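Coordinates from entry03.pdb are shown below (PDB, C-alpha atoms and all ligand atoms).
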ATOM      1  CA  MET A   1     -42.756  -4.862  83.767
ATOM      2  CA  ARG A   2     -41.703  -2.094  81.503
ATOM      3  CA  ASN A   3     -38.312  -1.808  83.158
ATOM      4  CA  VAL A   4     -37.768  -5.518  82.927
ATOM      5  CA  LEU A   5     -38.560  -5.438  79.226
ATOM      6  CA  SER A   6     -36.276  -2.525  78.427
ATOM      7  CA  GLY A   7     -33.591  -4.130  80.543
ATOM      8  CA  MET A   8     -33.884  -7.280  78.485
ATOM      9  CA  LEU A   9     -33.741  -5.310  75.265
ATOM     10  CA  LEU A  10     -30.588  -3.562  76.398
ATOM     11  CA  PHE A  11     -29.072  -6.894  77.311
ATOM     12  CA  VAL A  12     -29.860  -8.288  73.872
ATOM     13  CA  ALA A  13     -28.464  -5.183  72.170
ATOM     14  CA  LEU A  14     -25.240  -5.347  74.163
ATOM     15  CA  GLY A  15     -24.916  -9.025  73.370
ATOM     16  CA  ALA A  16     -25.272  -8.287  69.663
ATOM     17  CA  LEU A  17     -22.601  -5.596  69.873
ATOM     18  CA  ALA A  18     -20.217  -7.857  71.741
ATOM     19  CA  SER A  19     -20.594 -10.719  69.299
ATOM     20  CA  ARG A  20     -20.168  -8.366  66.383
ATOM     21  CA  ARG A  21     -16.886  -7.190  67.835
ATOM     22  CA  LEU A  22     -15.661 -10.741  68.128
ATOM     23  CA  ASP A  23     -16.840 -11.511  64.633
ATOM     24  CA  GLY A  24     -13.356 -11.244  63.176
ATOM     25  CA  PRO A  25     -12.368 -13.027  59.997
ATOM     26  CA  ARG A  26     -10.939 -16.067  61.743
ATOM     27  CA  LEU A  27     -13.675 -16.459  64.314
ATOM     28  CA  ALA A  28     -16.488 -16.048  61.862
ATOM     29  CA  ALA A  29     -17.231 -19.453  60.419
ATOM     30  CA  PRO A  30     -20.176 -18.663  58.208
ATOM     31  CA  ALA A  31     -22.710 -21.419  57.736
ATOM     32  CA  ALA A  32     -22.502 -23.135  54.373
ATOM     33  CA  GLY A  33     -24.708 -21.538  51.791
ATOM     34  CA  ARG A  34     -24.592 -18.079  53.265
ATOM     35  CA  ARG A  35     -23.696 -15.452  50.746
ATOM     36  CA  GLU A  36     -20.731 -14.361  52.855
ATOM     37  CA  ALA A  37     -19.248 -17.837  52.924
ATOM     38  CA  SER A  38     -16.784 -17.267  50.101
ATOM     39  CA  ARG A  39     -16.264 -13.567  50.667
ATOM     40  CA  PRO A  40     -13.491 -11.874  52.589
ATOM     41  CA  GLU A  41     -14.157  -9.703  55.619
ATOM     42  CA  ALA A  42     -16.383  -6.769  54.781
ATOM     43  CA  GLY A  43     -14.226  -3.995  53.383
ATOM     44  CA  ALA A  44     -11.287  -6.203  52.445
ATOM     45  CA  PRO A  45     -10.799  -5.948  48.690
ATOM     46  CA  MET A  46     -10.888  -9.154  46.677
ATOM     47  CA  ILE A  47      -8.760  -9.949  43.649
ATOM     48  CA  PRO A  48     -10.667  -8.203  40.861
ATOM     49  CA  VAL A  49     -10.260 -10.823  38.128
ATOM     50  CA  LYS A  50     -12.420 -13.919  38.254
ATOM     51  CA  GLY A  51     -10.490 -17.114  38.944
ATOM     52  CA  VAL A  52      -7.176 -15.449  39.779
ATOM     53  CA  VAL A  53      -5.646 -16.404  43.139
ATOM     54  CA  ALA A  54      -3.068 -14.588  45.234
ATOM     55  CA  ALA A  55      -0.209 -16.906  44.256
ATOM     56  CA  GLN A  56      -0.556 -15.748  40.643
ATOM     57  CA  LEU A  57      -0.063 -12.080  41.522
ATOM     58  CA  LYS A  58       3.226 -10.283  41.117
ATOM     59  CA  SER A  59       4.148  -6.958  42.676
ATOM     60  CA  THR A  60       4.606  -4.364  39.933
ATOM     61  CA  PHE A  61       3.843  -1.179  41.878
ATOM     62  CA  ASN A  62       7.338   0.270  41.696
ATOM     63  CA  GLU A  63       8.245  -0.946  38.229
ATOM     64  CA  GLY A  64       9.235   1.685  35.718
ATOM     65  CA  ARG A  65       6.834   2.533  32.935
ATOM     66  CA  ALA A  66       7.266   5.135  30.183
ATOM     67  CA  GLY A  67       8.444   8.131  32.193
ATOM     68  CA  HIS A  68       6.833   7.191  35.497
ATOM     69  CA  LEU A  69       6.410   4.518  38.114
ATOM     70  CA  HIS A  70       3.653   2.036  37.532
ATOM     71  CA  HIS A  71       1.791   2.565  40.845
ATOM     72  CA  ALA A  72      -0.667  -0.234  40.092
ATOM     73  CA  ILE A  73      -0.727  -3.983  39.649
ATOM     74  CA  ASP A  74      -1.096  -5.837  36.357
ATOM     75  CA  ILE A  75      -3.177  -8.980  36.638
ATOM     76  CA  LEU A  76      -2.723 -11.328  33.694
ATOM     77  CA  ALA A  77      -5.709 -13.292  32.447
ATOM     78  CA  PRO A  78      -7.139 -14.446  29.122
ATOM     79  CA  ARG A  79      -9.029 -11.877  27.112
ATOM     80  CA  GLY A  80     -12.686 -11.783  28.110
ATOM     81  CA  THR A  81     -12.157 -12.979  31.691
ATOM     82  CA  PRO A  82     -14.664 -11.179  33.937
ATOM     83  CA  VAL A  83     -13.311  -8.199  35.872
ATOM     84  CA  ILE A  84     -15.147  -8.020  39.195
ATOM     85  CA  ALA A  85     -15.662  -5.296  41.774
ATOM     86  CA  ALA A  86     -12.954  -5.486  44.434
ATOM     87  CA  VAL A  87     -15.243  -3.967  47.060
ATOM     88  CA  ASP A  88     -18.816  -2.850  47.571
ATOM     89  CA  GLY A  89     -19.139   0.615  46.138
ATOM     90  CA  THR A  90     -20.314   2.888  43.365
ATOM     91  CA  VAL A  91     -19.251   3.232  39.744
ATOM     92  CA  ARG A  92     -17.943   6.777  39.843
ATOM     93  CA  LYS A  93     -16.559   7.287  36.345
ATOM     94  CA  LEU A  94     -16.399   5.518  33.009
ATOM     95  CA  PHE A  95     -13.532   6.918  31.010
ATOM     96  CA  VAL A  96     -11.649   6.115  27.826
ATOM     97  CA  SER A  97      -8.034   7.268  27.749
ATOM     98  CA  ARG A  98      -5.092   6.808  25.434
ATOM     99  CA  ALA A  99      -3.037   4.879  28.002
ATOM    100  CA  GLY A 100      -5.742   3.122  29.996
ATOM    101  CA  GLY A 101      -8.122   2.383  27.159
ATOM    102  CA  ILE A 102     -11.573   1.496  28.452
ATOM    103  CA  THR A 103     -11.433   2.257  32.180
ATOM    104  CA  LEU A 104     -13.680   2.357  35.210
ATOM    105  CA  TYR A 105     -13.284   4.144  38.536
ATOM    106  CA  GLU A 106     -15.160   2.670  41.492
ATOM    107  CA  TYR A 107     -15.425   4.431  44.867
ATOM    108  CA  ASP A 108     -15.852   2.454  48.063
ATOM    109  CA  LEU A 109     -18.972   3.097  50.127
ATOM    110  CA  ALA A 110     -17.180   5.518  52.443
ATOM    111  CA  GLY A 111     -15.748   7.479  49.521
ATOM    112  CA  GLU A 112     -12.264   7.001  50.965
ATOM    113  CA  ARG A 113     -10.623   5.044  48.182
ATOM    114  CA  SER A 114     -10.991   4.694  44.460
ATOM    115  CA  TYR A 115     -10.435   1.447  42.568
ATOM    116  CA  TYR A 116      -9.301   1.834  38.982
ATOM    117  CA  TYR A 117      -9.758  -0.858  36.350
ATOM    118  CA  ALA A 118      -8.050  -0.320  32.978
ATOM    119  CA  HIS A 119      -7.401  -1.920  29.557
ATOM    120  CA  LEU A 120     -10.904  -3.428  29.641
ATOM    121  CA  ASP A 121     -12.132  -5.192  26.525
ATOM    122  CA  ALA A 122     -15.606  -3.809  27.279
ATOM    123  CA  TYR A 123     -17.878  -2.855  30.148
ATOM    124  CA  ALA A 124     -20.353  -5.436  31.391
ATOM    125  CA  PRO A 125     -23.968  -4.883  30.300
ATOM    126  CA  GLY A 126     -25.766  -2.327  32.461
ATOM    127  CA  ILE A 127     -22.624  -0.764  33.911
ATOM    128  CA  ARG A 128     -23.099   3.002  34.155
ATOM    129  CA  GLU A 129     -21.875   5.906  36.270
ATOM    130  CA  GLY A 130     -23.622   6.114  39.625
ATOM    131  CA  LEU A 131     -24.457   2.411  39.735
ATOM    132  CA  ALA A 132     -24.148   0.746  43.141
ATOM    133  CA  VAL A 133     -22.165  -2.478  42.869
ATOM    134  CA  HIS A 134     -21.392  -5.298  45.243
ATOM    135  CA  GLN A 135     -18.055  -6.965  45.712
ATOM    136  CA  GLY A 136     -17.765  -9.640  43.023
ATOM    137  CA  ASP A 137     -20.174  -8.026  40.552
ATOM    138  CA  VAL A 138     -18.904  -8.135  36.974
ATOM    139  CA  LEU A 139     -17.792  -4.682  35.827
ATOM    140  CA  GLY A 140     -16.199  -5.591  32.509
ATOM    141  CA  TYR A 141     -13.783  -7.955  30.812
ATOM    142  CA  VAL A 142     -10.018  -8.272  30.597
ATOM    143  CA  GLY A 143      -8.607  -6.827  27.383
ATOM    144  CA  THR A 144      -5.808  -4.810  25.832
ATOM    145  CA  THR A 145      -7.391  -1.411  25.132
ATOM    146  CA  GLY A 146      -5.122   1.607  25.548
ATOM    147  CA  ASN A 147      -1.404   0.920  25.604
ATOM    148  CA  ALA A 148      -1.492  -2.725  26.721
ATOM    149  CA  PRO A 149       0.441  -5.091  24.435
ATOM    150  CA  ALA A 150      -2.022  -6.791  22.088
ATOM    151  CA  ASN A 151      -0.711 -10.238  23.032
ATOM    152  CA  THR A 152      -0.746  -9.662  26.814
ATOM    153  CA  PRO A 153      -4.308  -9.152  27.982
ATOM    154  CA  HIS A 154      -4.342  -7.992  31.592
ATOM    155  CA  LEU A 155      -6.172  -5.852  34.091
ATOM    156  CA  HIS A 156      -4.273  -2.767  35.198
ATOM    157  CA  PHE A 157      -5.625  -2.231  38.708
ATOM    158  CA  ALA A 158      -4.870   0.712  40.990
ATOM    159  CA  ILE A 159      -6.065   1.725  44.459
ATOM    160  CA  ASP A 160      -5.990   5.408  45.358
ATOM    161  CA  VAL A 161      -6.669   7.182  48.629
ATOM    162  CA  LEU A 162      -9.024   9.991  47.665
ATOM    163  CA  PRO A 163      -8.483  13.602  48.725
ATOM    164  CA  PRO A 164     -11.157  15.286  50.880
ATOM    165  CA  THR A 165     -12.503  16.844  47.686
ATOM    166  CA  LYS A 166     -13.020  13.363  46.161
ATOM    167  CA  GLU A 167     -11.949  14.014  42.555
ATOM    168  CA  TRP A 168     -11.512  10.703  40.754
ATOM    169  CA  TRP A 169      -8.302  11.891  39.074
ATOM    170  CA  LYS A 170      -6.560  13.201  42.215
ATOM    171  CA  GLY A 171      -6.022  10.172  44.460
ATOM    172  CA  GLU A 172      -2.766   9.073  46.069
ATOM    173  CA  PRO A 173      -1.825   5.591  44.859
ATOM    174  CA  ILE A 174      -1.184   2.811  47.360
ATOM    175  CA  ASP A 175       0.217  -0.618  46.496
ATOM    176  CA  PRO A 176      -2.592  -3.109  45.759
ATOM    177  CA  TYR A 177      -0.264  -6.117  46.035
ATOM    178  CA  PRO A 178      -0.070  -6.500  49.840
ATOM    179  CA  ILE A 179      -3.754  -5.668  50.107
ATOM    180  CA  LEU A 180      -4.799  -8.338  47.618
ATOM    181  CA  THR A 181      -2.383 -11.001  48.813
ATOM    182  CA  THR A 182      -3.021 -10.782  52.554
ATOM    183  CA  SER A 183      -6.525  -9.658  53.362
ATOM    184  CA  ALA A 184      -8.446 -11.139  50.479
ATOM    185  CA  SER A 185      -6.791 -14.391  49.568
ATOM    186  CA  GLU A 186      -6.387 -15.860  53.037
ATOM    187  CA  LEU A 187     -10.059 -15.544  53.750
ATOM    188  CA  ARG A 188     -11.307 -17.146  50.624
TER
HETATM  189 ZN    ZN A 201      -0.370  -1.621  34.427
END
Translate this structure into structure tokens?
Ligand SMILES: [Zn+2]
Amino acid sequence: MRNVLSGMLLFVALGALASRRLDGPRLAAPAAGRREASRPEAGAPMIPVKGVVAAQLKSTFNEGRAGHLHHAIDILAPRGTPVIAAVDGTVRKLFVSRAGGITLYEYDLAGERSYYYAHLDAYAPGIREGLAVHQGDVLGYVGTTGNAPANTPHLHFAIDVLPPTKEWWKGEPIDPYPILTTSASELR
């Protein structure tokens, strides 16, 4: 009896594993009303400004900026538009800088990448360092703090691969454009 039971349990466990493996973005058709229904595949970043779709994005990663390459994407939106967490993660650093203005660094759950949100008008209420956030949570609002033109509110958004030592200022930038326009948008 015992062996039969454990055999059944193993069978169920294997079945769960197998279905999880097949649970790719296109095969998973979440039931209506489930929280995941409008979310991209776990781990795939979503466009971090509420209401903005992939077709509105423009690649600006390799554009020149004062003395350097941009290495980020600028997402235009009216002042005050909610800026939302691109991925599940942790608020690692709140920082005000001359160029970035009011900024926020979020780390993903694995601590592999940092997500940088700049020129914010303000942080959302309750946002603090160390806070766990879910994809889609409001982090702040689009603005022009720092060196953004006063008449062009936008989110300056960068994705960095973190070094093994995990300093928030030492990441290697990767282009957010292909990440936001393939993985996230198609699944929404
Ligand atoms: Zn920018």
Item checked: Proximity to ligand ZN 201 (chain A) - best of A:Ala158, A:Ile127, A:Ala44, A:Val83, all atoms listed in the file ->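 Counting all atoms listed in the file, the residue closest to ligand ZN 201 (chain A) is A:Ala158.
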Next item on the list: Between A:Tyr116, A:Tyr123, A:Tyr141, A:Tyr105, single out the one closest to ligand ZN 201 (chain A), counting only C-alpha atoms and all ligand atoms.
Entry: A:Tyr116
Notebook entry, point to check: Quick one: residues within 9 Å of ligand ZN 201 (chain A), with all atoms listed in the file, as a PyMOL selection string?
Noted result: chain A and resi 60-61+65+70-75+100+118-119+148+154-158
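Proximity to A:Ala124 was assessed for A:Asp88, A:Glu112, A:Asp175, A:Asp137 counting only C-alpha atoms; the smallest distance is recorded for A:Asp137.
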Closest atom pairs, residues of stretch 30-99 of chain A within 12 Å of stretch 162-170 of chain A, all atoms listed in the file, as JSON lines:
{"residue": "A:Val91", "atom": "CA", "partner": "A:Trp168", "partner_atom": "CA", "distance": 10.8}
{"residue": "A:Arg92", "atom": "CA", "partner": "A:Trp168", "partner_atom": "CA", "distance": 7.6}
{"residue": "A:Lys93", "atom": "CA", "partner": "A:Trp168", "partner_atom": "CA", "distance": 7.5}
{"residue": "A:Leu94", "atom": "CA", "partner": "A:Trp168", "partner_atom": "CA", "distance": 10.5}
{"residue": "A:Phe95", "atom": "CA", "partner": "A:Trp168", "partner_atom": "CA", "distance": 10.6}
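Between A:Asp160 and the candidates A:Gln135, A:Thr182, A:Ser114, A:Thr145, the tightest atom-to-atom separation, counting all atoms listed in the file, involves A:Ser114.
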Margin query: Applying the PyMOL selection byres (((chain A and resi 89) around 6) and not hetatm) to the file I just gave you, which residues come out? Please list them as a list in words.
Written below: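 On this input, the PyMOL selection byres (((chain A and resi 89) around 6) and not hetatm) captures Asp88, Thr90, Tyr107, Asp108, Leu109, Ala132 and Val133 of chain A.
In this model, the gap between atom CA of A:Thr181 and atom CA of A:Ser59 comes to 9.8 Å.
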Next item on the list: Using the chain letters and numbers from the file, give me the residues hit by the PyMOL selection byres (((chain A and resi 146) around 10) and not hetatm), as a VMD selection string.
Entry: chain A and resid 96 to 103 118 to 121 143 to 145 147 to 150
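Protein, DNA and RNA residues at most 9 Å from (-3.0, -7.2, 46.0), with all atoms listed in the file, are these: Pro45, Met46, Ile47, Ala54, Leu57, Lys58, Ser59, Ile73, Asp175, Pro176, Tyr177, Pro178, Ile179, Leu180, Thr181, Thr182, Ser183, Ala184 and Ser185 of chain A.
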